[in-house]
>>> print(open('input35.csv').read())   # CSV, C-alpha atoms
chain,number,residue,atom,x,y,z
Y,1,MET,CA,120.2,113.1,101.3
Y,2,THR,CA,122.5,110.9,103.2
Y,3,ASP,CA,123.3,109.8,106.7
Y,4,LEU,CA,127.0,109.6,105.9
Y,5,PRO,CA,129.1,112.1,107.8
Y,6,GLU,CA,130.1,115.4,106.4
Y,7,SER,CA,133.8,115.9,106.3
Y,8,THR,CA,136.1,118.7,107.3
Y,9,ILE,CA,139.3,117.3,105.7
Y,10,ASP,CA,141.0,119.2,102.9
Y,11,ARG,CA,142.4,116.6,100.5
Y,12,LYS,CA,145.3,118.8,99.5
Y,13,THR,CA,146.9,118.5,102.9
Y,14,LEU,CA,145.9,114.9,103.6
Y,15,LEU,CA,148.7,112.6,102.2
Y,16,PRO,CA,151.7,114.2,104.1
Y,17,GLN,CA,149.8,113.8,107.3
Y,18,LEU,CA,149.0,110.1,106.6
Y,19,PHE,CA,152.5,109.2,105.4
Y,20,PRO,CA,155.3,111.2,107.0
Y,21,HIS,CA,157.8,108.9,105.3
Y,22,PRO,CA,156.6,108.2,101.7
Y,23,GLU,CA,160.1,107.0,100.8
Y,24,ASN,CA,159.4,103.9,102.9
Y,25,TYR,CA,156.6,102.8,100.5
Y,26,LEU,CA,156.0,101.7,97.0
Y,27,LEU,CA,153.2,104.1,96.1
Y,28,LEU,CA,150.5,103.7,93.5
Y,29,ALA,CA,147.8,106.2,92.8
Y,30,GLY,CA,144.6,105.7,90.7
Y,31,LEU,CA,143.5,108.2,88.1
Y,32,ALA,CA,142.4,111.8,88.6
Y,33,GLY,CA,142.5,113.7,91.9
Y,34,THR,CA,144.4,111.1,93.9
Y,35,ALA,CA,147.0,110.9,91.2
Y,36,LYS,CA,147.5,114.7,91.2
Y,37,ASP,CA,147.6,114.9,95.0
Y,38,SER,CA,150.1,112.1,95.1
Y,39,ALA,CA,152.3,113.5,92.3
Y,40,ALA,CA,152.4,116.9,94.0
Y,41,TRP,CA,153.1,115.4,97.4
Y,42,THR,CA,156.1,113.5,96.3
Y,43,GLY,CA,157.2,115.6,93.4
Y,44,GLU,CA,156.6,112.5,91.2
Y,45,ALA,CA,159.2,110.5,93.1
Y,46,ASP,CA,160.4,107.3,91.5
Y,47,ASN,CA,158.7,105.2,94.1
Y,48,LEU,CA,155.3,106.5,92.9
Y,49,LEU,CA,153.3,105.4,89.8
Y,50,THR,CA,150.2,107.4,89.0
Y,51,LEU,CA,147.5,106.3,86.5
Y,52,GLY,CA,145.7,108.6,84.1
Y,53,GLY,CA,143.2,106.0,82.8
Y,54,ALA,CA,142.5,102.3,83.2
Y,55,MET,CA,139.9,103.3,85.8
Y,56,GLY,CA,139.6,100.5,88.4
Y,57,ALA,CA,143.2,99.3,88.1
Y,58,ALA,CA,144.8,100.8,91.2
Y,59,VAL,CA,144.1,98.3,93.9
Y,60,ALA,CA,144.8,95.3,91.7
Y,61,MET,CA,148.0,96.8,90.5
Y,62,GLY,CA,149.0,97.4,94.1
Y,63,LEU,CA,148.2,93.8,94.9
Y,64,GLY,CA,150.4,92.6,92.1
Y,65,MET,CA,153.2,94.8,93.5
Y,66,ALA,CA,152.7,93.6,97.1
Y,67,LEU,CA,152.7,90.0,96.1
Y,68,SER,CA,155.9,90.4,94.0
Y,69,ALA,CA,157.7,92.6,96.5
Y,70,PRO,CA,156.8,90.9,99.8
Y,71,ASP,CA,159.6,92.7,101.7
Y,72,ARG,CA,158.3,96.2,100.8
Y,73,GLN,CA,155.3,98.1,102.0
Y,74,VAL,CA,152.8,99.0,99.2
Y,75,ALA,CA,150.3,101.8,99.6
Y,76,VAL,CA,147.5,102.5,97.0
Y,77,MET,CA,145.8,105.8,96.9
Y,78,THR,CA,142.4,105.6,95.1
Y,79,GLY,CA,139.2,107.6,94.9
Y,80,ASP,CA,135.6,106.5,95.5
Y,81,GLY,CA,134.8,106.4,91.8
Y,82,GLU,CA,137.9,104.6,90.8
Y,83,LEU,CA,137.4,102.0,93.5
Y,84,LEU,CA,133.7,101.4,92.8
Y,85,MET,CA,134.5,100.8,89.1
Y,86,ASN,CA,136.1,97.5,90.2
Y,87,VAL,CA,135.1,97.1,93.8
Y,88,GLY,CA,135.2,93.3,93.7
Y,89,VAL,CA,139.0,93.6,94.0
Y,90,LEU,CA,138.4,94.2,97.7
Y,91,ALA,CA,137.3,90.5,97.9
Y,92,THR,CA,140.4,89.5,95.9
Y,93,VAL,CA,142.6,91.3,98.4
Y,94,ALA,CA,140.9,89.7,101.3
Y,95,SER,CA,141.3,86.2,99.9
Y,96,VAL,CA,145.0,86.7,99.4
Y,97,MET,CA,145.6,88.6,102.6
Y,98,PRO,CA,148.9,90.4,101.7
Y,99,ASP,CA,150.5,91.6,104.9
Y,100,ASN,CA,152.2,94.5,103.1
Y,101,LEU,CA,149.3,96.3,101.4
Y,102,THR,CA,147.6,99.5,102.5
Y,103,ILE,CA,144.6,101.0,100.6
Y,104,VAL,CA,143.6,104.6,101.2
Y,105,CYS,CA,140.4,105.8,99.6
Y,106,VAL,CA,140.1,109.5,99.2
Y,107,ASP,CA,136.4,109.7,99.2
Y,108,ASN,CA,135.0,113.0,97.9
Y,109,GLY,CA,131.6,111.6,96.9
Y,110,GLN,CA,132.0,112.8,93.4
Y,111,HIS,CA,133.6,112.3,90.0
Y,112,GLY,CA,135.9,115.3,90.2
Y,113,GLU,CA,137.8,114.6,86.9
Y,114,THR,CA,134.6,114.8,84.8
Y,115,GLY,CA,133.0,117.9,86.4
Y,116,GLY,CA,132.1,116.9,90.0
Y,117,GLN,CA,129.1,114.8,89.3
Y,118,PRO,CA,127.7,113.2,92.5
Y,119,GLY,CA,128.8,109.6,93.1
Y,120,HIS,CA,127.2,106.8,95.1
Y,121,THR,CA,129.1,107.7,98.3
Y,122,SER,CA,127.4,111.1,98.3
Y,123,ARG,CA,124.2,109.1,98.6
Y,124,ARG,CA,123.9,105.8,100.5
Y,125,THR,CA,127.1,103.8,99.8
Y,126,ASP,CA,129.7,103.3,102.5
Y,127,LEU,CA,133.0,102.0,101.1
Y,128,ALA,CA,134.4,101.1,104.5
Y,129,LYS,CA,131.5,98.8,105.1
Y,130,MET,CA,132.1,97.3,101.7
Y,131,ALA,CA,135.7,96.7,102.5
Y,132,ASP,CA,134.7,95.2,105.9
Y,133,GLY,CA,132.2,93.0,104.1
Y,134,ALA,CA,134.7,91.9,101.6
Y,135,GLY,CA,136.8,90.6,104.5
Y,136,ILE,CA,139.6,93.2,104.8
Y,137,PRO,CA,140.7,92.7,108.4
Y,138,SER,CA,141.5,96.4,109.3
Y,139,VAL,CA,139.1,99.1,108.2
Y,140,MET,CA,138.8,102.7,109.4
Y,141,THR,CA,136.9,105.8,108.3
Y,142,VAL,CA,138.0,109.4,109.2
Y,143,THR,CA,136.1,112.6,108.5
Y,144,SER,CA,137.9,115.3,110.5
Y,145,PRO,CA,141.5,116.6,110.7
Y,146,GLU,CA,141.6,115.8,114.4
Y,147,GLU,CA,141.4,112.1,113.5
Y,148,LEU,CA,144.4,112.1,111.2
Y,149,PRO,CA,147.0,111.2,113.8
Y,150,ALA,CA,144.9,108.2,114.7
Y,151,ALA,CA,144.7,107.3,111.0
Y,152,GLN,CA,148.4,107.6,110.6
Y,153,LYS,CA,148.8,105.1,113.5
Y,154,PHE,CA,146.2,102.8,111.9
Y,155,LEU,CA,148.3,102.8,108.7
Y,156,THR,CA,151.4,101.5,110.5
Y,157,GLU,CA,150.0,99.5,113.4
Y,158,SER,CA,146.8,97.7,112.3
Y,159,PRO,CA,147.1,94.2,110.7
Y,160,ALA,CA,147.4,94.4,106.9
Y,161,PRO,CA,145.8,94.4,104.5
Y,162,ARG,CA,144.2,97.6,105.7
Y,163,PHE,CA,141.7,100.0,104.3
Y,164,LEU,CA,141.4,103.6,105.3
Y,165,CYS,CA,138.4,105.6,104.0
Y,166,VAL,CA,139.1,109.3,104.2
Y,167,ARG,CA,136.0,111.4,103.6
Y,168,VAL,CA,137.2,114.7,102.3
Y,169,MET,CA,135.5,118.0,101.5
Y,170,PRO,CA,134.4,118.7,98.0
Y,171,GLY,CA,137.0,120.7,96.1
Y,172,ALA,CA,139.7,120.5,93.5
Y,173,PRO,CA,142.8,118.4,94.0
Y,174,THR,CA,146.2,119.9,94.0
Y,175,VAL,CA,147.2,121.5,90.7
Y,176,TYR,CA,150.1,119.6,89.3
Y,177,LYS,CA,151.1,118.8,85.7
Y,178,ARG,CA,152.4,115.3,85.8
Y,179,ASN,CA,154.1,113.0,83.3
Y,180,TRP,CA,151.4,111.3,81.1
Y,181,ASP,CA,153.8,108.9,79.4
Y,182,LEU,CA,153.0,105.7,81.1
Y,183,ALA,CA,155.8,103.7,79.3
Y,184,GLU,CA,158.3,106.2,80.6
Y,185,CYS,CA,156.8,106.2,84.1
Y,186,ARG,CA,156.9,102.4,84.1
Y,187,LEU,CA,160.6,102.4,83.3
Y,188,ILE,CA,161.4,105.0,85.9
Y,189,PHE,CA,159.6,103.2,88.6
Y,190,ARG,CA,160.9,99.7,87.6
Y,191,ASN,CA,164.5,100.8,87.2
Y,192,ALA,CA,164.4,102.6,90.5
Y,193,PHE,CA,163.0,99.5,92.3
Y,194,LEU,CA,165.3,97.0,90.6
Y,195,SER,CA,168.4,99.1,91.3
Y,196,GLY,CA,167.4,100.0,94.8
V,1,MET,CA,140.9,64.7,65.0
V,2,SER,CA,140.2,64.9,68.8
V,3,THR,CA,143.0,65.6,71.2
V,4,SER,CA,145.1,62.8,72.5
V,5,LEU,CA,146.8,64.8,75.2
V,6,THR,CA,144.8,64.7,78.4
V,7,GLN,CA,144.0,67.9,80.3
V,8,GLU,CA,146.6,66.8,82.9
V,9,ASP,CA,149.2,66.4,80.1
V,10,TRP,CA,148.8,69.8,78.5
V,11,SER,CA,148.3,71.6,81.8
V,12,ARG,CA,151.6,70.2,83.0
V,13,LEU,CA,153.3,71.2,79.8
V,14,ILE,CA,152.0,74.8,80.1
V,15,PHE,CA,152.7,75.0,83.9
V,16,ASP,CA,156.2,73.8,83.6
V,17,LYS,CA,157.1,76.2,80.9
V,18,LEU,CA,155.6,79.1,82.8
V,19,ALA,CA,157.2,78.2,86.1
V,20,GLU,CA,160.6,77.7,84.4
V,21,GLY,CA,160.0,81.1,82.6
V,22,GLY,CA,159.8,82.8,86.0
V,23,VAL,CA,156.0,83.3,86.2
V,24,THR,CA,155.1,83.3,89.9
V,25,LEU,CA,151.6,84.8,89.9
V,26,PHE,CA,148.8,82.8,88.4
V,27,SER,CA,145.7,85.0,88.4
V,28,TYR,CA,142.5,83.5,87.2
V,29,VAL,CA,138.8,83.5,87.0
V,30,PRO,CA,137.8,79.9,87.3
V,31,ASP,CA,137.0,77.9,84.1
V,32,PHE,CA,136.9,74.2,83.6
V,33,GLY,CA,139.7,74.7,81.0
V,34,ASN,CA,142.1,76.3,83.4
V,35,SER,CA,141.2,74.2,86.5
V,36,VAL,CA,144.0,71.7,86.4
V,37,LEU,CA,146.6,74.4,85.6
V,38,VAL,CA,145.4,76.4,88.6
V,39,ASP,CA,145.7,73.3,90.8
V,40,MET,CA,149.3,72.8,89.7
V,41,ALA,CA,150.1,76.4,90.5
V,42,ASP,CA,148.5,76.0,93.9
V,43,GLU,CA,150.5,73.0,94.7
V,44,ASP,CA,154.0,74.2,93.5
V,45,ASN,CA,156.0,76.2,96.0
V,46,ARG,CA,157.4,78.4,93.3
V,47,THR,CA,154.1,79.8,92.3
V,48,ARG,CA,150.9,81.2,93.8
V,49,THR,CA,147.4,81.7,92.6
V,50,VAL,CA,145.2,84.7,92.9
V,51,LEU,CA,141.4,84.2,92.5
V,52,LEU,CA,140.1,87.3,90.8
V,53,SER,CA,136.6,88.8,91.0
V,54,SER,CA,136.8,90.0,87.5
V,55,GLU,CA,139.3,89.3,84.7
V,56,GLN,CA,140.2,93.0,84.4
V,57,GLU,CA,141.9,92.8,87.8
V,58,GLY,CA,144.3,90.3,86.4
V,59,VAL,CA,145.7,92.7,83.8
V,60,ALA,CA,146.4,95.3,86.4
V,61,LEU,CA,147.8,92.7,88.8
V,62,CYS,CA,150.3,91.4,86.2
V,63,ALA,CA,151.3,95.0,85.4
V,64,GLY,CA,151.9,95.7,89.1
V,65,ALA,CA,154.0,92.6,89.3
V,66,ASP,CA,156.1,93.8,86.4
V,67,LEU,CA,156.8,97.1,88.2
V,68,VAL,CA,158.8,95.3,90.7
V,69,GLY,CA,160.4,92.7,88.3
V,70,GLY,CA,157.8,90.0,88.8
V,71,ARG,CA,155.9,87.9,86.3
V,72,GLY,CA,152.3,87.0,86.2
V,73,VAL,CA,149.8,85.3,83.9
V,74,LEU,CA,146.1,85.8,83.5
V,75,LEU,CA,143.9,82.7,83.0
V,76,MET,CA,140.3,83.1,81.9
V,77,GLN,CA,137.5,81.7,79.8
V,78,SER,CA,136.7,83.4,76.5
V,79,SER,CA,133.7,85.2,78.0
V,80,GLY,CA,136.1,87.0,80.4
V,81,VAL,CA,137.9,88.7,77.5
V,82,GLY,CA,134.9,91.0,77.3
V,83,ASN,CA,135.8,92.3,80.7
V,84,VAL,CA,139.4,93.4,80.0
V,85,PRO,CA,139.6,95.9,77.1
V,86,ASN,CA,139.9,99.2,78.9
V,87,MET,CA,142.5,97.7,81.3
V,88,LEU,CA,144.6,96.8,78.3
V,89,SER,CA,145.3,100.5,78.0
V,90,LEU,CA,148.1,99.7,80.4
V,91,VAL,CA,149.7,97.4,77.9
V,92,GLN,CA,149.5,99.7,74.9
V,93,GLY,CA,150.2,102.9,76.8
V,94,GLY,CA,152.8,101.6,79.3
V,95,ARG,CA,154.3,98.8,77.3
V,96,PHE,CA,153.8,96.3,80.1
V,97,PRO,CA,154.4,92.7,79.1
V,98,MET,CA,151.2,90.8,79.3
V,99,LEU,CA,150.5,87.1,79.0
V,100,MET,CA,147.0,85.8,79.0
V,101,ILE,CA,145.7,82.2,78.5
V,102,VAL,CA,142.2,82.1,77.2
V,103,THR,CA,140.3,78.8,77.2
V,104,MET,CA,137.6,79.0,74.5
V,105,ARG,CA,133.9,78.6,74.5
V,106,GLY,CA,131.5,79.7,71.9
V,107,GLU,CA,133.0,78.1,68.9
V,108,TYR,CA,133.6,74.6,67.4
V,109,GLY,CA,131.2,72.1,69.1
V,110,GLU,CA,129.6,74.7,71.5
V,111,GLN,CA,126.0,73.9,72.6
V,112,ASN,CA,125.4,76.9,74.8
V,113,PRO,CA,124.1,79.9,72.7
V,114,TRP,CA,125.1,82.3,75.4
V,115,GLN,CA,128.8,81.5,74.8
V,116,TYR,CA,128.8,82.4,71.1
V,117,PRO,CA,128.7,86.3,71.1
V,118,MET,CA,131.8,86.7,73.2
V,119,GLY,CA,133.5,83.6,72.0
V,120,GLN,CA,133.4,84.8,68.4
V,121,ALA,CA,134.6,88.3,69.5
V,122,VAL,CA,137.7,87.2,71.4
V,123,VAL,CA,140.3,87.6,68.8
V,124,PRO,CA,138.9,90.9,67.3
V,125,VAL,CA,138.5,92.4,70.7
V,126,LEU,CA,142.1,91.5,71.8
V,127,GLU,CA,143.6,92.5,68.5
V,128,ALA,CA,141.8,95.9,68.7
V,129,MET,CA,143.6,96.5,71.9
V,130,GLY,CA,147.0,95.5,70.5
V,131,ILE,CA,147.2,92.0,71.9
V,132,GLN,CA,148.6,89.3,69.7
V,133,CYS,CA,146.7,86.1,69.6
V,134,ILE,CA,148.3,82.7,69.2
V,135,ARG,CA,145.7,80.0,68.6
V,136,VAL,CA,146.3,76.4,69.5
V,137,GLU,CA,144.1,74.0,67.4
V,138,ARG,CA,146.1,70.8,67.6
V,139,ASP,CA,148.2,68.9,70.2
V,140,ASP,CA,151.4,69.2,68.1
V,141,GLU,CA,151.0,73.0,68.1
V,142,LEU,CA,151.0,73.5,71.8
V,143,ASP,CA,154.7,73.2,72.7
V,144,GLN,CA,155.9,75.8,70.3
V,145,ALA,CA,152.9,78.1,70.9
V,146,VAL,CA,153.6,78.2,74.6
V,147,ASP,CA,157.2,79.0,74.0
V,148,SER,CA,156.2,81.7,71.5
V,149,ALA,CA,153.8,83.3,73.9
V,150,ILE,CA,156.2,83.3,76.8
V,151,SER,CA,159.0,84.8,74.8
V,152,ALA,CA,156.8,87.4,73.1
V,153,ALA,CA,155.6,88.6,76.6
V,154,PHE,CA,158.7,88.4,78.7
V,155,ALA,CA,161.6,88.6,76.3
V,156,ALA,CA,160.0,91.1,73.8
V,157,GLY,CA,157.6,92.9,76.2
V,158,GLN,CA,154.5,92.3,74.1
V,159,GLY,CA,150.9,91.8,75.0
V,160,VAL,CA,150.0,88.2,73.9
V,161,ALA,CA,147.1,85.8,74.4
V,162,LEU,CA,147.5,82.1,74.0
V,163,ILE,CA,144.1,80.9,72.8
V,164,LEU,CA,143.3,77.3,73.6
V,165,THR,CA,140.5,76.5,71.1
V,166,GLN,CA,137.7,74.2,71.6
V,167,ASN,CA,139.1,72.2,68.8
V,168,PHE,CA,142.1,71.6,71.0
V,169,LEU,CA,140.3,71.4,74.4
V,170,GLY,CA,137.3,69.4,73.2
V,171,ALA,CA,133.8,70.8,73.4
V,172,LYS,CA,132.3,70.9,76.9
V,173,ALA,CA,129.9,67.9,77.1
V,174,PHE,CA,127.7,69.4,80.0
>>> encode(input="input35.csv", output="structure tokens")
Amino acid sequence: MTDLPESTIDRKTLLPQLFPHPENYLLLAGLAGTAKDSAAWTGEADNLLTLGGAMGAAVAMGLGMALSAPDRQVAVMTGDGELLMNVGVLATVASVMPDNLTIVCVDNGQHGETGGQPGHTSRRTDLAKMADGAGIPSVMTVTSPEELPAAQKFLTESPAPRFLCVRVMPGAPTVYKRNWDLAECRLIFRNAFLSG
Amino acid sequence: MSTSLTQEDWSRLIFDKLAEGGVTLFSYVPDFGNSVLVDMADEDNRTRTVLLSSEQEGVALCAGADLVGGRGVLLMQSSGVGNVPNMLSLVQGGRFPMLMIVTMRGEYGEQNPWQYPMGQAVVPVLEAMGIQCIRVERDDELDQAVDSAISAAFAAGQGVALILTQNFLGAKAF
């Protein structure tokens, strides 16, 4: 089926291990599983915006934040499907070379939100190689919990922009009912940033 | 009547108004029509350009800038409008301000048949996604149209597209 490595990482425990201090970041999560995991992880903190649609928006939105808030660290959490929807954005990021942008792709190889249908990364596609080919200077893939301390170090010490591909086991994301009102979420995030 | 403003003239007028209006990010997919404006944004130390792979990135990029109080603009050819509708969910659902400048092909004077389908669909597609379109046909409309677009986006928080028509730009001769 594939020569891509099988993972032993549980997505539900991933983000706190990667980011021990989420309050130090402006956080953006693409739709579906990564949005639920991120919302549950931070309790929908006001430095997190999660998307429920506009598939393919996450990295470009993070880039806009990173360029407009150059003194802050921006982290984008996305999924393999969300990223592939608009994967050319990796070239856009590499051309601009923002030194405050981190991209984490939670790669479960399937479209979890619509029923778990297999995606390209369950077959032959390697998103880390695509990020590398796009020109992202720092790229890493992890597939086991034992590698997560090294991944955490990568996220703080490697030259940005950086791309971490976390292959995770199949399985549902964290159950979390989050705010679907994007206009309200925008104002909460924006007001918190501008008053902070 | 053909335009008497040169591309340098009208690009300067638009650039100055955008820069004075606090727009710092000029995201674009290259088009002959926006090329001088992009060069101006590259050269000015108040602004920076972002070359996009696809126009839809620009919608998300401008929304991201807004989240931290920044202002962006999306520059594209009319054909690129077909790449953005789903991303405009951000504007309707999130009430993000959005300013686009569309340089037209596929209308008045067009010789390339491939440009007509999307060119003719620009306004219906944008309006279907809640974007207000301000068309510029003549030189004397430009100044007020640019002011209107900037205030609609950044004072009133609307989604707005400034449409620079081929009547205004002049049909591409190559």
>>> residues_around(input="input35.csv", residues="range 187-189 of chain Y", least_positions_apart="2", cutoff="7 Å", atoms="all atoms listed in the file", output="count of residues only")
11
>>> interface_residues(input="input35.csv", of="chain Y", to="chain V", cutoff="6 Å", atoms="all atoms listed in the file", output="VMD selection string")
chain Y and resid 54 57 60 to 61 64 to 65 68 88 92 182 to 183 190
>>> atom_distance(input="input35.csv", atom1="CA of Gln166 in chain V", atom2="CA of Asp139 in chain V")
11.8 Å
>>> atom_distance(input="input35.csv", atom1="CA of Val96 in chain Y", atom2="CA of Lys36 in chain Y")
29.3 Å
>>> residues_around(input="input35.csv", residues="Ala35 in chain Y", least_positions_apart="3", cutoff="10 Å", atoms="all atoms listed in the file", output="list in words")
Leu28, Ala29, Gly30, Leu31, Ala32, Ser38, Ala39, Ala40, Trp41, Glu44, Leu48, Leu49, Thr50, Leu51, Gly52, Met77, Thr78, Gly79, Pro173, Thr174, Tyr176 and Arg178 of chain Y
>>> atom_distance(input="input35.csv", atom1="CA of Val93 in chain Y", atom2="CA of Ser195 in chain Y")
27.9 Å
>>> residues_around(input="input35.csv", residues="Pro118 in chain Y", least_positions_apart="2", cutoff="12 Å", atoms="all atoms listed in the file", output="compact mmCIF listing (two decimals) with C-alpha atoms, keeping the file's coordinate frame")
# COMPACT_ATOMS: atom_id res chain seq x y z
CA MET Y 1 120.20 113.10 101.30
CA ASP Y 80 135.60 106.50 95.50
CA GLY Y 81 134.80 106.40 91.80
CA ASP Y 107 136.40 109.70 99.20
CA ASN Y 108 135.00 113.00 97.90
CA GLY Y 109 131.60 111.60 96.90
CA GLN Y 110 132.00 112.80 93.40
CA HIS Y 111 133.60 112.30 90.00
CA GLY Y 112 135.90 115.30 90.20
CA GLU Y 113 137.80 114.60 86.90
CA THR Y 114 134.60 114.80 84.80
CA GLY Y 115 133.00 117.90 86.40
CA GLY Y 116 132.10 116.90 90.00
CA HIS Y 120 127.20 106.80 95.10
CA THR Y 121 129.10 107.70 98.30
CA SER Y 122 127.40 111.10 98.30
CA ARG Y 123 124.20 109.10 98.60
CA ARG Y 124 123.90 105.80 100.50
CA THR Y 125 127.10 103.80 99.80
CA PRO Y 170 134.40 118.70 98.00
>>> closest_residue(input="input35.csv", among="V:Asn112, V:Thr103, V:Thr47, V:Thr6", to="Phe32 in chain V", atoms="all atoms listed in the file")
V:Thr103
>>> closest_residue(input="input35.csv", among="Y:Asn86, Y:Ser158, Y:Leu148, Y:Leu67", to="Pro16 in chain Y", atoms="all atoms listed in the file")
Y:Leu148
>>> residues_near_point(input="input35.csv", point="(136.8, 84.5, 73.4)", cutoff="10 Å", atoms="all atoms listed in the file", output="NGL selection string")
:V and (76-82 or 102-107 or 115-126 or 163-165)
>>> closest_residue(input="input35.csv", among="V:Gln7, V:Arg135, V:Leu162, V:Pro113", to="Ser35 in chain V", atoms="only C-alpha atoms")
V:Gln7
>>> closest_residue(input="input35.csv", among="V:Glu137, V:Asp44, V:Asp143, V:Asp31", to="Asp9 in chain V", atoms="only C-alpha atoms")
V:Asp143
>>> residues_around(input="input35.csv", residues="Ala91 in chain Y", least_positions_apart="2", cutoff="8 Å", atoms="only C-alpha atoms", output="list in words")
Gly88, Val89, Val93, Ala94, Ser95, Ala131, Ala134, Gly135 and Ile136 of chain Y; Ser53 of chain V
>>> decode(input="input35.csv", residues="range 169-188 of chain Y", atoms="N, CA and C atoms", output="PDB file, in the first residue's frame")
ATOM      1  N   MET Y 169      -1.820   8.187  14.436  1.00  0.00           N
ATOM      2  CA  MET Y 169      -2.649   6.996  14.239  1.00  0.00           C
ATOM      3  C   MET Y 169      -4.033   7.435  13.770  1.00  0.00           C
ATOM      4  N   PRO Y 170      -4.697   6.566  13.023  1.00  0.00           N
ATOM      5  CA  PRO Y 170      -6.097   6.877  12.708  1.00  0.00           C
ATOM      6  C   PRO Y 170      -6.891   6.953  13.999  1.00  0.00           C
ATOM      7  N   GLY Y 171      -7.969   7.654  13.972  1.00  0.00           N
ATOM      8  CA  GLY Y 171      -8.796   7.754  15.171  1.00  0.00           C
ATOM      9  C   GLY Y 171      -9.372   9.139  15.306  1.00  0.00           C
ATOM     10  N   ALA Y 172     -10.454   9.217  16.064  1.00  0.00           N
ATOM     11  CA  ALA Y 172     -11.185  10.475  16.172  1.00  0.00           C
ATOM     12  C   ALA Y 172     -10.367  11.519  16.925  1.00  0.00           C
ATOM     13  N   PRO Y 173     -10.553  12.792  16.595  1.00  0.00           N
ATOM     14  CA  PRO Y 173      -9.939  13.862  17.379  1.00  0.00           C
ATOM     15  C   PRO Y 173     -10.650  14.009  18.714  1.00  0.00           C
ATOM     16  N   THR Y 174     -10.155  14.930  19.514  1.00  0.00           N
ATOM     17  CA  THR Y 174     -10.775  15.210  20.794  1.00  0.00           C
ATOM     18  C   THR Y 174     -12.218  15.677  20.580  1.00  0.00           C
ATOM     19  N   VAL Y 175     -13.111  15.207  21.448  1.00  0.00           N
ATOM     20  CA  VAL Y 175     -14.495  15.683  21.369  1.00  0.00           C
ATOM     21  C   VAL Y 175     -14.561  17.043  22.043  1.00  0.00           C
ATOM     22  N   TYR Y 176     -14.994  18.045  21.300  1.00  0.00           N
ATOM     23  CA  TYR Y 176     -15.057  19.397  21.872  1.00  0.00           C
ATOM     24  C   TYR Y 176     -16.053  20.209  21.064  1.00  0.00           C
ATOM     25  N   LYS Y 177     -16.989  20.825  21.725  1.00  0.00           N
ATOM     26  CA  LYS Y 177     -17.967  21.662  21.027  1.00  0.00           C
ATOM     27  C   LYS Y 177     -17.458  23.088  21.067  1.00  0.00           C
ATOM     28  N   ARG Y 178     -17.047  23.574  19.907  1.00  0.00           N
ATOM     29  CA  ARG Y 178     -16.429  24.898  19.890  1.00  0.00           C
ATOM     30  C   ARG Y 178     -17.365  25.931  19.282  1.00  0.00           C
ATOM     31  N   ASN Y 179     -16.972  27.183  19.449  1.00  0.00           N
ATOM     32  CA  ASN Y 179     -17.758  28.307  18.935  1.00  0.00           C
ATOM     33  C   ASN Y 179     -17.707  28.325  17.407  1.00  0.00           C
ATOM     34  N   TRP Y 180     -18.863  28.238  16.747  1.00  0.00           N
ATOM     35  CA  TRP Y 180     -18.926  28.225  15.286  1.00  0.00           C
ATOM     36  C   TRP Y 180     -19.105  29.621  14.694  1.00  0.00           C
ATOM     37  N   ASP Y 181     -19.273  30.610  15.550  1.00  0.00           N
ATOM     38  CA  ASP Y 181     -19.544  31.964  15.041  1.00  0.00           C
ATOM     39  C   ASP Y 181     -18.216  32.653  14.736  1.00  0.00           C
ATOM     40  N   LEU Y 182     -17.819  32.627  13.462  1.00  0.00           N
ATOM     41  CA  LEU Y 182     -16.508  33.157  13.093  1.00  0.00           C
ATOM     42  C   LEU Y 182     -16.396  34.652  13.351  1.00  0.00           C
ATOM     43  N   ALA Y 183     -17.496  35.379  13.147  1.00  0.00           N
ATOM     44  CA  ALA Y 183     -17.431  36.824  13.382  1.00  0.00           C
ATOM     45  C   ALA Y 183     -17.118  37.107  14.853  1.00  0.00           C
ATOM     46  N   GLU Y 184     -17.743  36.333  15.732  1.00  0.00           N
ATOM     47  CA  GLU Y 184     -17.467  36.512  17.163  1.00  0.00           C
ATOM     48  C   GLU Y 184     -16.040  36.089  17.495  1.00  0.00           C
ATOM     49  N   CYS Y 185     -15.612  34.960  16.910  1.00  0.00           N
ATOM     50  CA  CYS Y 185     -14.251  34.472  17.164  1.00  0.00           C
ATOM     51  C   CYS Y 185     -13.207  35.482  16.669  1.00  0.00           C
ATOM     52  N   ARG Y 186     -13.483  36.077  15.501  1.00  0.00           N
ATOM     53  CA  ARG Y 186     -12.556  37.099  14.983  1.00  0.00           C
ATOM     54  C   ARG Y 186     -12.407  38.244  15.991  1.00  0.00           C
ATOM     55  N   LEU Y 187     -13.537  38.728  16.496  1.00  0.00           N
ATOM     56  CA  LEU Y 187     -13.473  39.877  17.407  1.00  0.00           C
ATOM     57  C   LEU Y 187     -12.767  39.513  18.705  1.00  0.00           C
ATOM     58  N   ILE Y 188     -13.015  38.301  19.212  1.00  0.00           N
ATOM     59  CA  ILE Y 188     -12.360  37.886  20.454  1.00  0.00           C
ATOM     60  C   ILE Y 188     -10.844  37.857  20.257  1.00  0.00           C
TER      61      ILE Y 188
END
